[in-house]
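As stored in run07.csv (CSV, C-alpha atoms):
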chain,number,residue,atom,x,y,z
A,668,ASP,CA,0.0,0.0,0.0
A,669,THR,CA,1.5,3.3,-1.1
A,670,GLU,CA,-1.3,5.6,0.0
A,671,VAL,CA,-1.1,9.0,1.5
A,672,THR,CA,-4.4,10.4,2.5
A,673,GLN,CA,-5.2,14.1,3.0
A,674,THR,CA,-8.3,15.8,4.5
A,675,PRO,CA,-10.2,17.9,3.7
A,676,LYS,CA,-10.2,17.7,-0.1
A,677,HIS,CA,-11.4,21.3,-0.4
A,678,LEU,CA,-11.3,24.2,2.1
A,679,VAL,CA,-12.5,27.7,1.9
A,680,MET,CA,-11.5,30.1,4.6
A,681,GLY,CA,-11.5,33.8,5.4
A,682,MET,CA,-8.4,35.7,6.3
A,683,THR,CA,-9.3,35.7,10.0
A,684,ASN,CA,-10.0,32.0,10.3
A,685,LYS,CA,-7.9,29.2,11.8
A,686,LYS,CA,-8.0,25.9,10.1
A,687,SER,CA,-5.9,22.7,9.8
A,688,LEU,CA,-4.9,20.4,7.0
A,689,LYS,CA,-4.3,16.7,7.9
A,690,CYS,CA,-2.2,14.1,6.3
A,691,GLU,CA,-1.8,10.4,7.1
A,692,GLN,CA,0.3,7.5,5.8
A,693,HIS,CA,0.6,3.9,6.9
A,694,MET,CA,3.7,2.8,5.0
A,695,GLY,CA,6.0,3.0,8.0
A,696,HIS,CA,7.7,6.0,6.5
A,697,ARG,CA,9.6,8.3,8.9
A,698,ALA,CA,9.8,11.4,6.7
A,699,MET,CA,6.8,13.6,5.8
A,700,TYR,CA,6.6,16.7,3.6
A,701,TRP,CA,4.4,19.7,2.9
A,702,TYR,CA,4.3,21.3,-0.5
A,703,LYS,CA,2.4,24.2,-2.0
A,704,GLN,CA,1.5,24.1,-5.6
A,705,LYS,CA,0.1,27.0,-7.6
A,706,ALA,CA,-1.7,26.5,-10.9
A,707,LYS,CA,0.5,25.4,-13.8
A,708,LYS,CA,3.6,25.3,-11.5
A,709,PRO,CA,5.6,22.5,-9.9
A,710,PRO,CA,5.3,21.8,-6.2
A,711,GLU,CA,7.3,24.1,-3.9
A,712,LEU,CA,8.7,22.5,-0.7
A,713,MET,CA,7.5,24.1,2.5
A,714,PHE,CA,8.5,21.8,5.4
A,715,VAL,CA,10.2,18.4,6.0
A,716,TYR,CA,9.9,16.2,9.1
A,717,SER,CA,12.2,13.4,9.7
A,718,TYR,CA,11.6,11.1,12.7
A,719,GLU,CA,9.1,13.6,14.0
A,720,LYS,CA,11.6,16.4,14.0
A,721,LEU,CA,11.4,19.4,11.7
A,722,SER,CA,14.4,19.2,9.5
A,723,ILE,CA,13.6,21.7,6.8
A,724,ASN,CA,11.6,25.0,6.8
A,725,GLU,CA,11.9,26.7,3.5
A,726,SER,CA,11.5,30.2,5.0
A,727,VAL,CA,7.7,29.7,5.2
A,728,PRO,CA,5.7,32.6,6.8
A,729,SER,CA,4.7,31.9,10.4
A,730,ARG,CA,1.0,31.9,9.4
A,731,PHE,CA,1.7,28.3,8.4
A,732,SER,CA,2.5,26.1,11.4
A,733,PRO,CA,3.4,22.4,10.8
A,734,GLU,CA,3.0,19.7,13.4
A,735,CYS,CA,4.0,16.1,13.4
A,736,PRO,CA,2.2,14.3,16.3
A,737,ASN,CA,3.6,10.9,15.4
A,738,SER,CA,5.4,9.2,12.5
A,739,SER,CA,2.1,8.6,10.6
A,740,LEU,CA,0.5,12.0,11.0
A,741,LEU,CA,1.3,15.4,9.7
A,742,ASN,CA,-0.8,18.6,10.2
A,743,LEU,CA,-0.5,22.1,8.8
A,744,HIS,CA,-2.2,24.7,10.9
A,745,LEU,CA,-3.3,27.8,9.1
A,746,HIS,CA,-4.0,31.2,10.6
A,747,ALA,CA,-4.5,34.7,9.2
A,748,LEU,CA,-3.8,33.6,5.6
A,749,GLN,CA,-3.8,35.9,2.6
A,750,PRO,CA,-5.6,35.4,-0.7
A,751,GLU,CA,-2.3,34.6,-2.4
A,752,ASP,CA,-2.0,31.5,-0.2
A,753,SER,CA,-4.8,29.9,-2.2
A,754,ALA,CA,-3.2,26.8,-3.8
A,755,LEU,CA,-3.1,23.0,-3.8
A,756,TYR,CA,-1.4,21.8,-0.6
A,757,LEU,CA,0.3,18.4,-1.1
A,758,CYS,CA,1.6,16.1,1.5
A,759,ALA,CA,4.2,13.4,0.8
A,760,SER,CA,6.2,10.8,2.6
A,761,SER,CA,9.4,8.9,2.1
A,762,GLN,CA,11.3,6.2,4.0
A,763,THR,CA,13.6,8.2,6.3
A,764,GLY,CA,14.3,11.7,4.9
A,765,LEU,CA,18.0,11.0,5.7
A,766,ALA,CA,19.2,9.6,2.4
A,767,GLY,CA,19.4,11.3,-0.9
A,768,GLY,CA,17.0,10.3,-3.7
A,769,GLU,CA,14.3,8.6,-1.7
A,770,THR,CA,11.1,8.1,-3.5
A,771,GLN,CA,8.4,10.4,-2.3
A,772,TYR,CA,4.7,9.3,-2.3
A,773,PHE,CA,2.2,12.1,-2.6
A,774,GLY,CA,-1.3,12.5,-1.4
A,775,PRO,CA,-4.2,13.8,-3.5
A,776,GLY,CA,-3.9,17.3,-2.0
A,777,THR,CA,-6.1,19.8,-0.3
A,778,ARG,CA,-7.4,22.6,-2.5
A,779,LEU,CA,-7.4,25.8,-0.4
A,780,LEU,CA,-9.2,29.0,-1.3
A,781,VAL,CA,-8.6,32.1,0.9
A,782,LEU,CA,-11.3,34.8,0.6
B,86,GLY,CA,23.8,23.3,-7.4
B,87,ASN,CA,20.9,21.0,-8.4
B,88,SER,CA,18.4,22.0,-11.1
B,89,VAL,CA,16.1,20.4,-13.7
B,90,THR,CA,15.1,21.8,-17.0
B,91,GLN,CA,12.1,20.4,-18.9
B,92,MET,CA,10.8,21.1,-22.3
B,93,GLU,CA,8.0,23.7,-22.5
B,94,GLY,CA,4.5,22.5,-23.2
B,95,PRO,CA,1.9,22.0,-24.0
B,96,VAL,CA,2.6,19.0,-26.2
B,97,THR,CA,-0.4,17.9,-28.3
B,98,LEU,CA,-0.3,14.5,-30.0
B,99,SER,CA,-2.8,12.3,-31.7
B,100,GLU,CA,-3.6,8.9,-30.2
B,101,GLU,CA,-1.0,6.2,-30.9
B,102,ALA,CA,1.7,8.8,-31.7
B,103,PHE,CA,5.3,8.6,-30.2
B,104,LEU,CA,6.0,10.7,-27.2
B,105,THR,CA,9.2,12.3,-26.1
B,106,ILE,CA,9.4,14.8,-23.2
B,107,ASN,CA,12.9,16.2,-22.7
B,108,CYS,CA,14.5,16.6,-19.3
B,109,THR,CA,18.1,17.6,-18.5
B,110,TYR,CA,19.6,18.2,-15.1
B,111,THR,CA,22.6,19.7,-13.3
B,112,ALA,CA,23.7,18.0,-10.1
B,113,THR,CA,26.3,17.7,-7.5
B,114,GLY,CA,27.0,14.0,-7.0
B,115,TYR,CA,24.9,11.2,-8.4
B,116,PRO,CA,21.2,11.8,-7.7
B,117,SER,CA,18.2,9.6,-8.4
B,118,LEU,CA,15.9,10.8,-11.1
B,119,PHE,CA,12.2,10.6,-11.3
B,120,TRP,CA,9.2,11.2,-13.5
B,121,TYR,CA,5.9,12.0,-11.8
B,122,VAL,CA,2.5,12.4,-13.5
B,123,GLN,CA,-0.3,14.7,-12.3
B,124,TYR,CA,-3.8,14.1,-13.6
B,125,PRO,CA,-6.3,17.1,-13.4
B,126,GLY,CA,-7.4,17.7,-9.8
B,127,GLU,CA,-5.1,15.1,-8.3
B,128,GLY,CA,-1.7,14.8,-6.5
B,129,LEU,CA,1.5,13.6,-8.1
B,130,GLN,CA,1.9,9.9,-8.9
B,131,LEU,CA,5.3,8.2,-9.3
B,132,LEU,CA,5.6,7.1,-12.9
B,133,LEU,CA,9.2,5.7,-12.9
B,134,LYS,CA,12.6,6.3,-11.4
B,135,ALA,CA,16.3,5.5,-12.0
B,136,THR,CA,19.0,5.5,-9.3
B,137,LYS,CA,22.2,5.4,-11.3
B,138,ALA,CA,23.8,6.1,-14.7
B,139,ASP,CA,22.5,3.8,-17.5
B,140,ASP,CA,19.6,2.6,-15.4
B,141,LYS,CA,16.3,2.5,-17.4
B,142,GLY,CA,13.1,3.1,-15.5
B,143,SER,CA,9.9,1.8,-17.0
B,144,ASN,CA,6.2,1.7,-16.2
B,145,LYS,CA,2.9,1.5,-18.1
B,146,GLY,CA,4.7,1.7,-21.4
B,147,PHE,CA,6.7,4.8,-20.4
B,148,GLU,CA,10.5,4.6,-20.3
B,149,ALA,CA,13.4,6.9,-19.4
B,150,THR,CA,17.2,6.2,-19.3
B,151,TYR,CA,19.5,8.0,-16.9
B,152,ARG,CA,22.3,9.4,-19.2
B,153,LYS,CA,25.2,10.8,-17.2
B,154,GLU,CA,27.2,11.8,-20.3
B,155,THR,CA,24.3,14.0,-21.6
B,156,THR,CA,22.8,14.8,-18.1
B,157,SER,CA,19.4,13.8,-19.4
B,158,PHE,CA,16.4,11.7,-18.4
B,159,HIS,CA,14.0,12.0,-21.4
B,160,LEU,CA,10.6,10.4,-21.1
B,161,GLU,CA,9.3,8.3,-24.0
B,162,LYS,CA,6.3,6.2,-24.9
B,163,GLY,CA,5.8,4.4,-28.1
B,164,SER,CA,2.0,4.9,-28.5
B,165,VAL,CA,0.1,7.4,-26.3
B,166,GLN,CA,-3.5,7.1,-25.4
B,167,VAL,CA,-6.1,9.8,-24.5
B,168,SER,CA,-5.8,8.6,-20.9
B,169,ASP,CA,-2.2,9.7,-20.9
B,170,SER,CA,-3.3,13.4,-21.0
B,171,ALA,CA,-1.8,14.9,-17.8
B,172,VAL,CA,1.1,17.1,-16.6
B,173,TYR,CA,4.5,15.3,-16.4
B,174,PHE,CA,7.2,16.5,-13.9
B,175,CYS,CA,10.8,15.5,-14.1
B,176,ALA,CA,12.5,15.5,-10.7
B,177,LEU,CA,16.0,15.2,-9.2
B,178,GLY,CA,16.2,13.6,-5.7
B,179,GLY,CA,18.6,15.6,-3.7
B,180,PHE,CA,19.3,15.2,0.0
B,181,ASN,CA,16.0,15.6,1.8
B,182,LYS,CA,14.4,17.5,-1.1
B,183,PHE,CA,13.3,17.2,-4.7
B,184,TYR,CA,14.2,19.6,-7.5
B,185,PHE,CA,11.3,19.6,-9.9
B,186,GLY,CA,11.2,20.7,-13.5
B,187,SER,CA,8.5,23.2,-14.6
B,188,GLY,CA,6.2,20.4,-15.8
B,189,THR,CA,5.0,19.6,-19.3
B,190,LYS,CA,1.4,19.3,-20.1
B,191,LEU,CA,0.5,16.5,-22.6
B,192,ASN,CA,-2.8,16.6,-24.5
B,193,VAL,CA,-3.6,13.5,-26.5
B,194,LYS,CA,-6.4,13.8,-29.1
B,195,PRO,CA,-8.5,10.8,-30.2
Can you turn what I pasted into structure tokens?
Amino acid sequence: DTEVTQTPKHLVMGMTNKKSLKCEQHMGHRAMYWYKQKAKKPPELMFVYSYEKLSINESVPSRFSPECPNSSLLNLHLHALQPEDSALYLCASSQTGLAGGETQYFGPGTRLLVL
Amino acid sequence: GNSVTQMEGPVTLSEEAFLTINCTYTATGYPSLFWYVQYPGEGLQLLLKATKADDKGSNKGFEATYRKETTSFHLEKGSVQVSDSAVYFCALGGFNKFYFGSGTKLNVKP
């Protein structure tokens, strides 16, 4: 099973709302990733967790707050977002995050619209 | 540094035509190379990968060979179907992060 699940599938929020995106995998992977993808562009890396510790933050604004409660779960907490944050948010996982070239398995994404 | 360059799209082909999508890379070291496919409204799916020079990745009729001498990983398929219409991303697997190409949209007409 190479499935990564993400909820919700779609989310509409106002600029003053607080919401969370959730991601789950049951492949025994120890690395999980958040990406942001704008239309007609490749995914842009936001955060990487390896063994439940944040290993990469690609200078993401603090209105995005990641959390990794355990090795199977990854959350992205959203607060005071801007309309330009509207995008497809993709979660991915890989074996350890400690070796180069690991295959990443992607979820279906959450399509976020900020009004 | 690491980077990936992909041919600009969109690419429009008739069903059963031959497909080539060009991908070249620059890299420090010897990275793994990947092709991912994204269907409308979906996430990225791994199509194929190669981990070292001269490796050929293949899946669902698609193939790509890791060419160190030309720093290329071109995607090919002998006979495309309408269901192959999607965006294709070439990616280089660096330490802890991927370097994606810009993506190539493929439209296959019946």
> What residues in chain A lie within 7 Å of chain B, counting all atoms listed in the file, written as JSON, numbers by chain?
Replying inline: {"A": [708, 709, 757, 764, 765, 766, 767, 768, 769, 773, 774, 775, 776]}
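Relative to CA of Ser729 (chain A), CA of Tyr700 (chain A) is found at 16.8 Å.
Across the structure, CA of Gly86 (chain B) and CA of Ala698 (chain A) are spaced 23.2 Å apart.
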>> Please list as a list in words every residue within 6 Å of region 147-150 of chain B, counting all atoms listed in the file and excluding residues in the same chain fewer than 5 positions away.
In response: Asp140, Lys141, Gly142, Phe158, His159, Leu160, Glu161 and Lys162 of chain B
Restricting the output to C-alpha atoms, write the selected residues as a PDB file, in the coordinates of the input.
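Output file part-v1.pdb is given in full below:
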ATOM      1  CA  ASP B 140      19.600   2.600 -15.400  1.00  0.00           C
ATOM      2  CA  LYS B 141      16.300   2.500 -17.400  1.00  0.00           C
ATOM      3  CA  GLY B 142      13.100   3.100 -15.500  1.00  0.00           C
ATOM      4  CA  PHE B 158      16.400  11.700 -18.400  1.00  0.00           C
ATOM      5  CA  HIS B 159      14.000  12.000 -21.400  1.00  0.00           C
ATOM      6  CA  LEU B 160      10.600  10.400 -21.100  1.00  0.00           C
ATOM      7  CA  GLU B 161       9.300   8.300 -24.000  1.00  0.00           C
ATOM      8  CA  LYS B 162       6.300   6.200 -24.900  1.00  0.00           C
TER       9      LYS B 162
END
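Within the 9 Å cut-off around Ala102 (chain B), using all atoms listed in the file and omitting residues fewer than 5 positions from it on the same chain, the listed residues are Lys162, Gly163, Ser164, Val165, Gln166 and Val193 of chain B.
Each of B:Val89, B:Asp139, B:Thr105, B:Leu191 was compared to Glu154 (chain B) using only C-alpha atoms, and B:Asp139 turns out to be the nearest.
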>> List the spatial neighbours of Leu745 (chain A) as a list in words - criterion: any atom at most 7 Å away, only C-alpha atoms, same-chain residues fewer than 6 positions off excluded.
In response: Lys685, Lys686, Ser687, Arg730, Phe731 and Ser732 of chain A
> Mind pulling up the distance from CA of Met694 (chain A) to CA of Ser760 (chain A)?
Replying inline: 8.7 Å
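Counting only C-alpha atoms and comparing A:Trp701, A:Thr777, A:Tyr772, A:Glu691, the residue that lies closest to Ser722 (chain A) is A:Trp701.
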> Of the residues A:Val781, A:Leu748, A:Leu688, A:Leu712, which is the one nearest to Pro733 (chain A), using all atoms listed in the file?
Replying inline: A:Leu688
>> Counting only C-alpha atoms, I want the residues whose atoms come within 7 Å of (2.1, 19.9, -4.8) in the file frame, returned as a VMD selection string.
In response: (chain A and resid 702 to 704 709 to 711 755 to 757) or (chain B and resid 128)
With C-alpha atoms kept, could you save the residues just selected as a PDB file, in the frame of the given file?
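Contents of again.pdb, as written:
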ATOM      1  CA  TYR A 702       4.300  21.300  -0.500  1.00  0.00           C
ATOM      2  CA  LYS A 703       2.400  24.200  -2.000  1.00  0.00           C
ATOM      3  CA  GLN A 704       1.500  24.100  -5.600  1.00  0.00           C
ATOM      4  CA  PRO A 709       5.600  22.500  -9.900  1.00  0.00           C
ATOM      5  CA  PRO A 710       5.300  21.800  -6.200  1.00  0.00           C
ATOM      6  CA  GLU A 711       7.300  24.100  -3.900  1.00  0.00           C
ATOM      7  CA  LEU A 755      -3.100  23.000  -3.800  1.00  0.00           C
ATOM      8  CA  TYR A 756      -1.400  21.800  -0.600  1.00  0.00           C
ATOM      9  CA  LEU A 757       0.300  18.400  -1.100  1.00  0.00           C
TER      10      LEU A 757
ATOM     11  CA  GLY B 128      -1.700  14.800  -6.500  1.00  0.00           C
TER      12      GLY B 128
END
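You can rank B:Asp169, B:Thr156, B:Glu100, B:Tyr151 by their closest distance to Asn87 (chain B) using only C-alpha atoms, and at the top of that list sits B:Thr156.
When the distance limit is 8 Å and only C-alpha atoms are what count, the residues near Leu678 (chain A), minus those fewer than 6 positions from it on the same chain, are Thr777, Arg778, Leu779 and Leu780 of chain A.
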Each side padded by 6 Å, which centre and which edge lengths in Å (one decimal) define the axis-aligned box around the listed atoms of region 134-142 of chain B? Give them as lines of an AutoDock Vina configuration file.
center_x = 18.2
center_y = 4.4
center_z = -13.4
size_x = 23.2
size_y = 15.8
size_z = 20.2
Complete region 99-133 of chain B with N, CA and C atoms (output as a PDB file, in the frame of the given file).
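The resulting out06.pdb:
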ATOM      1  N   SER B  99      -1.668  13.128 -31.406  1.00  0.00           N
ATOM      2  CA  SER B  99      -2.800  12.300 -31.700  1.00  0.00           C
ATOM      3  C   SER B  99      -2.576  10.911 -31.040  1.00  0.00           C
ATOM      4  N   GLU B 100      -3.681  10.227 -30.772  1.00  0.00           N
ATOM      5  CA  GLU B 100      -3.600   8.900 -30.200  1.00  0.00           C
ATOM      6  C   GLU B 100      -2.692   8.005 -30.996  1.00  0.00           C
ATOM      7  N   GLU B 101      -1.891   7.175 -30.332  1.00  0.00           N
ATOM      8  CA  GLU B 101      -1.000   6.200 -30.900  1.00  0.00           C
ATOM      9  C   GLU B 101       0.327   6.872 -31.433  1.00  0.00           C
ATOM     10  N   ALA B 102       0.488   8.173 -31.257  1.00  0.00           N
ATOM     11  CA  ALA B 102       1.700   8.800 -31.700  1.00  0.00           C
ATOM     12  C   ALA B 102       2.829   8.509 -30.651  1.00  0.00           C
ATOM     13  N   PHE B 103       4.087   8.769 -31.081  1.00  0.00           N
ATOM     14  CA  PHE B 103       5.300   8.600 -30.200  1.00  0.00           C
ATOM     15  C   PHE B 103       5.480   9.825 -29.383  1.00  0.00           C
ATOM     16  N   LEU B 104       5.789   9.621 -28.114  1.00  0.00           N
ATOM     17  CA  LEU B 104       6.000  10.700 -27.200  1.00  0.00           C
ATOM     18  C   LEU B 104       7.439  10.805 -26.723  1.00  0.00           C
ATOM     19  N   THR B 105       7.982  12.013 -26.748  1.00  0.00           N
ATOM     20  CA  THR B 105       9.200  12.300 -26.100  1.00  0.00           C
ATOM     21  C   THR B 105       9.056  13.601 -25.286  1.00  0.00           C
ATOM     22  N   ILE B 106       9.378  13.600 -24.006  1.00  0.00           N
ATOM     23  CA  ILE B 106       9.400  14.800 -23.200  1.00  0.00           C
ATOM     24  C   ILE B 106      10.875  14.926 -22.693  1.00  0.00           C
ATOM     25  N   ASN B 107      11.538  16.011 -23.078  1.00  0.00           N
ATOM     26  CA  ASN B 107      12.900  16.200 -22.700  1.00  0.00           C
ATOM     27  C   ASN B 107      13.133  16.678 -21.300  1.00  0.00           C
ATOM     28  N   CYS B 108      14.151  16.131 -20.632  1.00  0.00           N
ATOM     29  CA  CYS B 108      14.500  16.600 -19.300  1.00  0.00           C
ATOM     30  C   CYS B 108      16.026  16.515 -19.174  1.00  0.00           C
ATOM     31  N   THR B 109      16.635  17.612 -18.765  1.00  0.00           N
ATOM     32  CA  THR B 109      18.100  17.600 -18.500  1.00  0.00           C
ATOM     33  C   THR B 109      18.273  18.158 -17.074  1.00  0.00           C
ATOM     34  N   TYR B 110      19.405  17.823 -16.502  1.00  0.00           N
ATOM     35  CA  TYR B 110      19.600  18.200 -15.100  1.00  0.00           C
ATOM     36  C   TYR B 110      21.068  18.660 -14.904  1.00  0.00           C
ATOM     37  N   THR B 111      21.264  19.407 -13.841  1.00  0.00           N
ATOM     38  CA  THR B 111      22.600  19.700 -13.300  1.00  0.00           C
ATOM     39  C   THR B 111      22.569  19.208 -11.862  1.00  0.00           C
ATOM     40  N   ALA B 112      23.654  18.616 -11.424  1.00  0.00           N
ATOM     41  CA  ALA B 112      23.700  18.000 -10.100  1.00  0.00           C
ATOM     42  C   ALA B 112      25.064  17.948  -9.530  1.00  0.00           C
ATOM     43  N   THR B 113      25.115  18.036  -8.218  1.00  0.00           N
ATOM     44  CA  THR B 113      26.300  17.700  -7.500  1.00  0.00           C
ATOM     45  C   THR B 113      26.156  16.237  -7.049  1.00  0.00           C
ATOM     46  N   GLY B 114      27.101  15.419  -7.327  1.00  0.00           N
ATOM     47  CA  GLY B 114      27.000  14.000  -7.000  1.00  0.00           C
ATOM     48  C   GLY B 114      26.197  13.229  -7.988  1.00  0.00           C
ATOM     49  N   TYR B 115      25.593  12.134  -7.529  1.00  0.00           N
ATOM     50  CA  TYR B 115      24.900  11.200  -8.400  1.00  0.00           C
ATOM     51  C   TYR B 115      23.489  10.972  -7.903  1.00  0.00           C
ATOM     52  N   PRO B 116      22.594  11.879  -8.248  1.00  0.00           N
ATOM     53  CA  PRO B 116      21.200  11.800  -7.700  1.00  0.00           C
ATOM     54  C   PRO B 116      20.390  10.743  -8.340  1.00  0.00           C
ATOM     55  N   SER B 117      19.287  10.381  -7.702  1.00  0.00           N
ATOM     56  CA  SER B 117      18.200   9.600  -8.400  1.00  0.00           C
ATOM     57  C   SER B 117      17.381  10.555  -9.181  1.00  0.00           C
ATOM     58  N   LEU B 118      16.801  10.031 -10.251  1.00  0.00           N
ATOM     59  CA  LEU B 118      15.900  10.800 -11.100  1.00  0.00           C
ATOM     60  C   LEU B 118      14.569  10.178 -11.218  1.00  0.00           C
ATOM     61  N   PHE B 119      13.555  11.015 -11.333  1.00  0.00           N
ATOM     62  CA  PHE B 119      12.200  10.600 -11.300  1.00  0.00           C
ATOM     63  C   PHE B 119      11.340  11.235 -12.357  1.00  0.00           C
ATOM     64  N   TRP B 120      10.292  10.546 -12.773  1.00  0.00           N
ATOM     65  CA  TRP B 120       9.200  11.200 -13.500  1.00  0.00           C
ATOM     66  C   TRP B 120       7.922  10.938 -12.697  1.00  0.00           C
ATOM     67  N   TYR B 121       7.202  12.042 -12.454  1.00  0.00           N
ATOM     68  CA  TYR B 121       5.900  12.000 -11.800  1.00  0.00           C
ATOM     69  C   TYR B 121       4.854  12.485 -12.803  1.00  0.00           C
ATOM     70  N   VAL B 122       3.628  11.984 -12.631  1.00  0.00           N
ATOM     71  CA  VAL B 122       2.500  12.400 -13.500  1.00  0.00           C
ATOM     72  C   VAL B 122       1.405  12.963 -12.572  1.00  0.00           C
ATOM     73  N   GLN B 123       0.793  14.049 -13.028  1.00  0.00           N
ATOM     74  CA  GLN B 123      -0.300  14.700 -12.300  1.00  0.00           C
ATOM     75  C   GLN B 123      -1.514  14.795 -13.200  1.00  0.00           C
ATOM     76  N   TYR B 124      -2.562  14.044 -12.881  1.00  0.00           N
ATOM     77  CA  TYR B 124      -3.800  14.100 -13.600  1.00  0.00           C
ATOM     78  C   TYR B 124      -4.627  15.316 -13.045  1.00  0.00           C
ATOM     79  N   PRO B 125      -5.529  15.877 -13.829  1.00  0.00           N
ATOM     80  CA  PRO B 125      -6.300  17.100 -13.400  1.00  0.00           C
ATOM     81  C   PRO B 125      -6.939  16.840 -12.010  1.00  0.00           C
ATOM     82  N   GLY B 126      -6.709  17.787 -11.101  1.00  0.00           N
ATOM     83  CA  GLY B 126      -7.400  17.700  -9.800  1.00  0.00           C
ATOM     84  C   GLY B 126      -6.775  16.712  -8.833  1.00  0.00           C
ATOM     85  N   GLU B 127      -5.632  16.142  -9.174  1.00  0.00           N
ATOM     86  CA  GLU B 127      -5.100  15.100  -8.300  1.00  0.00           C
ATOM     87  C   GLU B 127      -3.647  15.464  -7.847  1.00  0.00           C
ATOM     88  N   GLY B 128      -3.093  14.617  -6.980  1.00  0.00           N
ATOM     89  CA  GLY B 128      -1.700  14.800  -6.500  1.00  0.00           C
ATOM     90  C   GLY B 128      -0.766  14.157  -7.551  1.00  0.00           C
ATOM     91  N   LEU B 129       0.505  14.111  -7.185  1.00  0.00           N
ATOM     92  CA  LEU B 129       1.500  13.600  -8.100  1.00  0.00           C
ATOM     93  C   LEU B 129       1.628  12.046  -7.861  1.00  0.00           C
ATOM     94  N   GLN B 130       1.730  11.315  -8.968  1.00  0.00           N
ATOM     95  CA  GLN B 130       1.900   9.900  -8.900  1.00  0.00           C
ATOM     96  C   GLN B 130       3.307   9.536  -9.468  1.00  0.00           C
ATOM     97  N   LEU B 131       4.032   8.690  -8.781  1.00  0.00           N
ATOM     98  CA  LEU B 131       5.300   8.200  -9.300  1.00  0.00           C
ATOM     99  C   LEU B 131       5.075   7.436 -10.584  1.00  0.00           C
ATOM    100  N   LEU B 132       5.752   7.827 -11.654  1.00  0.00           N
ATOM    101  CA  LEU B 132       5.600   7.100 -12.900  1.00  0.00           C
ATOM    102  C   LEU B 132       6.806   6.105 -13.058  1.00  0.00           C
ATOM    103  N   LEU B 133       8.021   6.608 -12.865  1.00  0.00           N
ATOM    104  CA  LEU B 133       9.200   5.700 -12.900  1.00  0.00           C
ATOM    105  C   LEU B 133      10.371   6.456 -12.296  1.00  0.00           C
TER     106      LEU B 133
END
